[in-house]
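First up is the structure itself, then whatever we jot down about it.
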Protein chains: 2
Amino acid sequence: MHYVVDLTWKPGTQAGVSAAEGRPDVDVSAPAELGGDGALWSPEHLLVASLQTCLMLTALYFIKRLNVTMLSYHSQTTGTMVKSPEGLRFTALQVAVNATVRAAADEAGLRQALEQAKKFCPVSAALSVPVTVSLTVLVAP
Amino acid sequence: MHYVVDLTWKPGTQAGVSAAEGRPDVDVSAPAELGGDGALWSPEHLLVASLQTCLMLTALYFIKRLNVTMLSYHSQTTGTMVKSPEGLRFTALQVAVNATVRAAADEAGLRQALEQAKKFCPVSAALSVPVTVSLTVLVAP
């Protein structure tokens with residue numbers, strides 16, 4: 001499988017346009033603290049978005065296989081980057097998931113699905129940075 | 001430095017919404033061949049976009065330092081993913097850059113800037129997958 005994305009620089013700026021066939025364009029720039037346009041998606045934000053989307057989609061696959069009834073799923077992921085002698089380096093990617101399930105019995109299945117997701121998601125497997133995943137489950141009242 | 005992105009699942013679907021403060025939302029899904037909505041950005045496309053944006057922005061930093069006059073820059077990046085016994089795995093990320101410079105003397109500087117970018121870009125450093133970068137330079141006529 002091949003995933004192809006085009007990037008075109010806007011001359012004279014710290015910004016560009018990302019294009020993937022059939023999808024809306026995404027304007028990109030460096031984060032504001034690195035001299036870019038803070039109103040646009042940065043490589044750092046795209047990496048964080050890629051990881052947590054991969055984890056959710058892989059979890060959905062296992063949730064279905066495990067017959068878990070999930071009503072809602074939200075994650076907030078924080079990428080931490082530091083200045084090192086070798087340049088800017090990510091040191092941690094922390095994913096905090098909040099989900100609602102139908103019944104108490106679904107909670108164990110969801111935990112299992114998310115553990116499997118961390119193992120099988122191709123994006124977390126492609127990263128050399130430590131990824132941590134925490135899960136808070138609410139059983140629908 | 002911290003980069004925070006939120007992801008909210010659209011219940012009953014293989015899709016969600018990615019939100020990063022102050023930036024336009026990006027709808028996300030799995031690629032079509034993995035059961036998702038092929039009109040939306042996938043984790044695979046986001047990873048590819050993150051890498052090549054990071055490389056371009058880091059190259060721009062060195063281009064300025066090296067006083068290279070660059071008139072245009074475009075890259076097309078292909079992520080290759082295969083099915084393995086451990087699940088889907090990225091095996092290669094190939095970045096093909098096409099750029100135009102003012103004068104022949106700028107070409108060496110651009111090559112140097114892109115080599116430095118590969119070394120110092122925090123996204124390529126965060127990946128365990130081999131990244132290759134090729135550069136085609138045109139000197140403006």
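The way I read the labels, and the way they are meant: chains A, B, ... in the order of the structure tokens, residue 1 as the first residue of every chain, and ligand 1 as the first ligand shown, with later ones counted on from there.
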Where does chain B meet chain A within 6 Å, residue by residue, with the nearest atom pair and distance in Å to one decimal for each, counting only C-alpha atoms, listed by chain and rising number, as CSV?
```
residue,atom,partner,partner_atom,distance
B:Met1,CA,A:Met81,CA,5.1
B:His2,CA,A:Thr80,CA,4.7
B:Tyr3,CA,A:Gly79,CA,4.9
B:Val4,CA,A:Thr78,CA,4.5
B:Val5,CA,A:Thr77,CA,5.5
B:Asp6,CA,A:Gln76,CA,4.4
B:Leu7,CA,A:Ser75,CA,5.2
B:Thr8,CA,A:His74,CA,4.6
B:Trp9,CA,A:Tyr73,CA,5.4
B:Gly22,CA,A:Ala39,CA,5.4
B:Arg23,CA,A:Ala39,CA,5.0
B:Ala39,CA,A:Arg23,CA,5.0
B:Leu40,CA,A:Arg23,CA,5.4
B:Pro43,CA,A:Ser50,CA,4.2
B:His45,CA,A:Tyr3,CA,5.9
B:Leu46,CA,A:Ser50,CA,5.2
B:Leu47,CA,A:Ser50,CA,5.6
B:Ser50,CA,A:Pro43,CA,4.3
B:Thr53,CA,A:Pro43,CA,5.7
B:Cys54,CA,A:Pro43,CA,5.3
B:Tyr73,CA,A:Trp9,CA,5.4
B:His74,CA,A:Thr8,CA,4.5
B:Ser75,CA,A:Leu7,CA,5.2
B:Gln76,CA,A:Asp6,CA,4.4
B:Thr77,CA,A:Val5,CA,5.5
B:Thr78,CA,A:Val4,CA,4.5
B:Gly79,CA,A:Tyr3,CA,5.0
B:Thr80,CA,A:His2,CA,4.7
B:Met81,CA,A:Met1,CA,5.1
B:Gly87,CA,A:Phe120,CA,5.5
B:Leu88,CA,A:Pro122,CA,5.4
B:Arg89,CA,A:Pro122,CA,5.0
B:Phe120,CA,A:Gly87,CA,5.4
B:Pro122,CA,A:Arg89,CA,5.0
B:Ala126,CA,A:Ser128,CA,5.4
B:Leu127,CA,A:Leu127,CA,4.5
B:Ser128,CA,A:Ser128,CA,5.2
B:Val129,CA,A:Ala126,CA,5.8
```
### Residues near Phe62 of chain A, cut-off 8 Å, only C-alpha atoms, skip fewer than 2 positions along chain, as number ranges by chain
A: 58-60, 64-66, 113-114, 116-117
### Task
Mind listing the strand (DSSP E or B) residues of chain A, per DSSP on the backbone, as a VMD selection string?
chain A and resid 2 to 9 15 to 19 26 to 29 41 70 to 84 87 to 101 127 131 to 139
### Message
Could you tell me how far atom CA of Val139 of chain B sits from atom CA of Asp37 of chain A, in Å to one decimal place?
### Response
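Pair atom CA of Asp37 of chain A / atom CA of Val139 of chain B returns 28.9 Å.
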### Task
Find the spatial neighbours of Arg102 of chain B, counting only C-alpha atoms, within a cut-off of 9 Å - ignore same-chain residues fewer than 3 positions away - and output them as a count of residues only.
11
### Message
For the alpha helix (DSSP H) assignment from backbone DSSP, which residues of segment 22-119 of chain B qualify? Please present them as an MDAnalysis selection string.
### Response
chainID B and resid 43:65 104:119
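Between atom CA of Val133 of chain B and atom CA of Glu115 of chain B there is a distance of 8.5 Å.
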### Task
Work out how far apart atom CA of Asn67 of chain A and atom CA of Gly109 of chain A are and give it in Å to one decimal.
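These atoms are spaced 7.9 Å apart.
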